[in-house]
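Single-structure report; data block below.
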Amino acid sequence: MAVAEDLDRATDSTDPAWDWVAGQTRTYLASGGTEGHESNGVYTLVLATTGRRTGEPRRTCLIYGTSGDDLVVVASKGGADEDPEWFKNLQAEPSVAVQAGTRRFTARARVASPDERGPLWALMARIFPLYEEYAQKTERVIPVVLLTPQD
């Protein structure tokens with residue numbers, strides 16, 4: 001179960017294709033959330049999940065939007081045919097740690113229902129239009145995830 005304190009001790013992806021995300025994540029956390037949170041009107045957060053095989057905290061940086069009190073993220077993996085590891089992890093253990101700007105908290109993750117997904121997908125595609133291209137690259141339905149703060 002990932003909690004806010006896990007953000008600093010979590011490990012980043014070791015996949016060389018995603019080194020730039022790991023670098024962004026480290027910069028974000030080292031600055032206390034003042035660097036890397038916003039770029040040209042697009043906001044990012046750091047998400048820590050619990051590794052489903054290792055039980056160790058893992059983290060990544062993701063674009064997010066908001067819906068009420070929830071934060072919204074997209075499990076796109078650039079349009080790959082498989083879900084990202086962070087998504088698989090939160091399916092196994094939905095308690096996650098989040099840093100959005102300077103705010104840190106524990107959240108409960110859940111996949112948007114089919115009724116919720118349409119409007120949330122549209123929201124996220126307005127924020128980051130490349131999501132539409134990613135959706136065209138894969139046959140899977142790219143999951144939209146809601147992160148509900150628990151504290």
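Residues are referred to by chain and number: the chain letter is A, B, ... according to the order shown in the structure tokens, the number counts from 1 in that chain, and ligands are numbered separately from 1 in the order shown.
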Contacts of stretch 74-84 of chain A within 9 Å, only C-alpha atoms, excl. fewer than 3 positions in-chain, as JSON, numbers by chain: {"A": [62, 63, 64, 87, 88, 89, 121, 124, 130, 131, 133, 134, 135, 136, 137, 138, 139, 140, 142, 143, 144, 145, 146]}
Neighbours of stretch 34-48 of chain A within 7 Å (only C-alpha atoms; same-chain residues fewer than 4 positions away dropped), as a PyMOL selection string? chain A and resi 2+6-7+10+24-25+27-28+57-64+96-102+127
Give me a file of those residues, with C-alpha atoms, as a PDB file, in the first residue's frame.
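Written out: again_15.pdb:
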```pdb
ATOM      1  CA  ALA A   2       1.692   3.203  -1.163  1.00  0.00           C
ATOM      2  CA  ASP A   6       6.792   6.529  -0.247  1.00  0.00           C
ATOM      3  CA  LEU A   7       7.341   9.183  -2.922  1.00  0.00           C
ATOM      4  CA  ALA A  10      10.192   4.822  -4.528  1.00  0.00           C
ATOM      5  CA  GLN A  24      11.551  14.591 -14.812  1.00  0.00           C
ATOM      6  CA  THR A  25      10.292  12.751 -11.721  1.00  0.00           C
ATOM      7  CA  THR A  27      13.680  16.956 -10.720  1.00  0.00           C
ATOM      8  CA  TYR A  28      10.057  17.381  -9.650  1.00  0.00           C
ATOM      9  CA  PRO A  57       7.070   1.493  -4.159  1.00  0.00           C
ATOM     10  CA  ARG A  58       7.480   2.545  -7.807  1.00  0.00           C
ATOM     11  CA  ARG A  59       6.942   6.054  -9.188  1.00  0.00           C
ATOM     12  CA  THR A  60       6.357   7.917 -12.405  1.00  0.00           C
ATOM     13  CA  CYS A  61       5.378  11.384 -13.615  1.00  0.00           C
ATOM     14  CA  LEU A  62       2.006  11.773 -15.389  1.00  0.00           C
ATOM     15  CA  ILE A  63      -0.102  14.501 -16.946  1.00  0.00           C
ATOM     16  CA  TYR A  64      -3.263  15.144 -14.961  1.00  0.00           C
ATOM     17  CA  VAL A  96      -1.272   5.245  -4.133  1.00  0.00           C
ATOM     18  CA  ALA A  97       0.873   8.225  -3.224  1.00  0.00           C
ATOM     19  CA  VAL A  98       0.579  11.486  -5.157  1.00  0.00           C
ATOM     20  CA  GLN A  99       2.497  14.733  -5.347  1.00  0.00           C
ATOM     21  CA  ALA A 100       0.737  17.438  -7.353  1.00  0.00           C
ATOM     22  CA  GLY A 101       2.773  20.606  -7.181  1.00  0.00           C
ATOM     23  CA  THR A 102       3.828  21.033  -3.561  1.00  0.00           C
ATOM     24  CA  ILE A 127      -5.324  19.012 -22.017  1.00  0.00           C
TER      25      ILE A 127
END
```
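Of the listed residues A:Met1, A:Asp12, A:Ser113, A:Ala125, the one whose atoms come nearest to A:Gly65 is A:Ala125, with distances taken using only C-alpha atoms.
With atom CA of A:Asp69 on one side and atom CA of A:Ala107 on the other, the separation reads 11.0 Å.
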Could you pull out all residues of stretch 19-133 of chain A with a DSSP call of alpha helix (DSSP H) and give them as a PyMOL selection string? chain A and resi 19-30+85-92+114-127+130-133
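Coordinates place atom CA of A:Leu29 at a distance of 7.4 Å from atom CA of A:Asp8.
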List as a short mmCIF file (atom, residue, chain, number, x, y, z; two decimals) with C-alpha atoms, in the first residue's frame the protein and nucleic acid residues near A:Pro94, meaning an atom at most 7 Å away when only C-alpha atoms are counted, but skip any in the same chain fewer than 6 places from it.
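The result, stored in around.cif:
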```
data_model
loop_
_atom_site.label_atom_id
_atom_site.label_comp_id
_atom_site.auth_asym_id
_atom_site.auth_seq_id
_atom_site.Cartn_x
_atom_site.Cartn_y
_atom_site.Cartn_z
CA ARG A 108 -7.38 5.72 -3.77
CA ALA A 109 -7.17 4.91 -7.47
CA ARG A 110 -10.00 3.54 -9.57
#
```
With distances taken over only C-alpha atoms, which residue among A:Thr49, A:Thr66, A:Gln91, A:Gln150 lies nearest A:Thr106?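 Counting only C-alpha atoms, the residue closest to A:Thr106 is A:Gln150.
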Which distance in Å separates atom CA of A:Asp70 and atom CA of A:Phe105, to one decimal? 12.0 Å
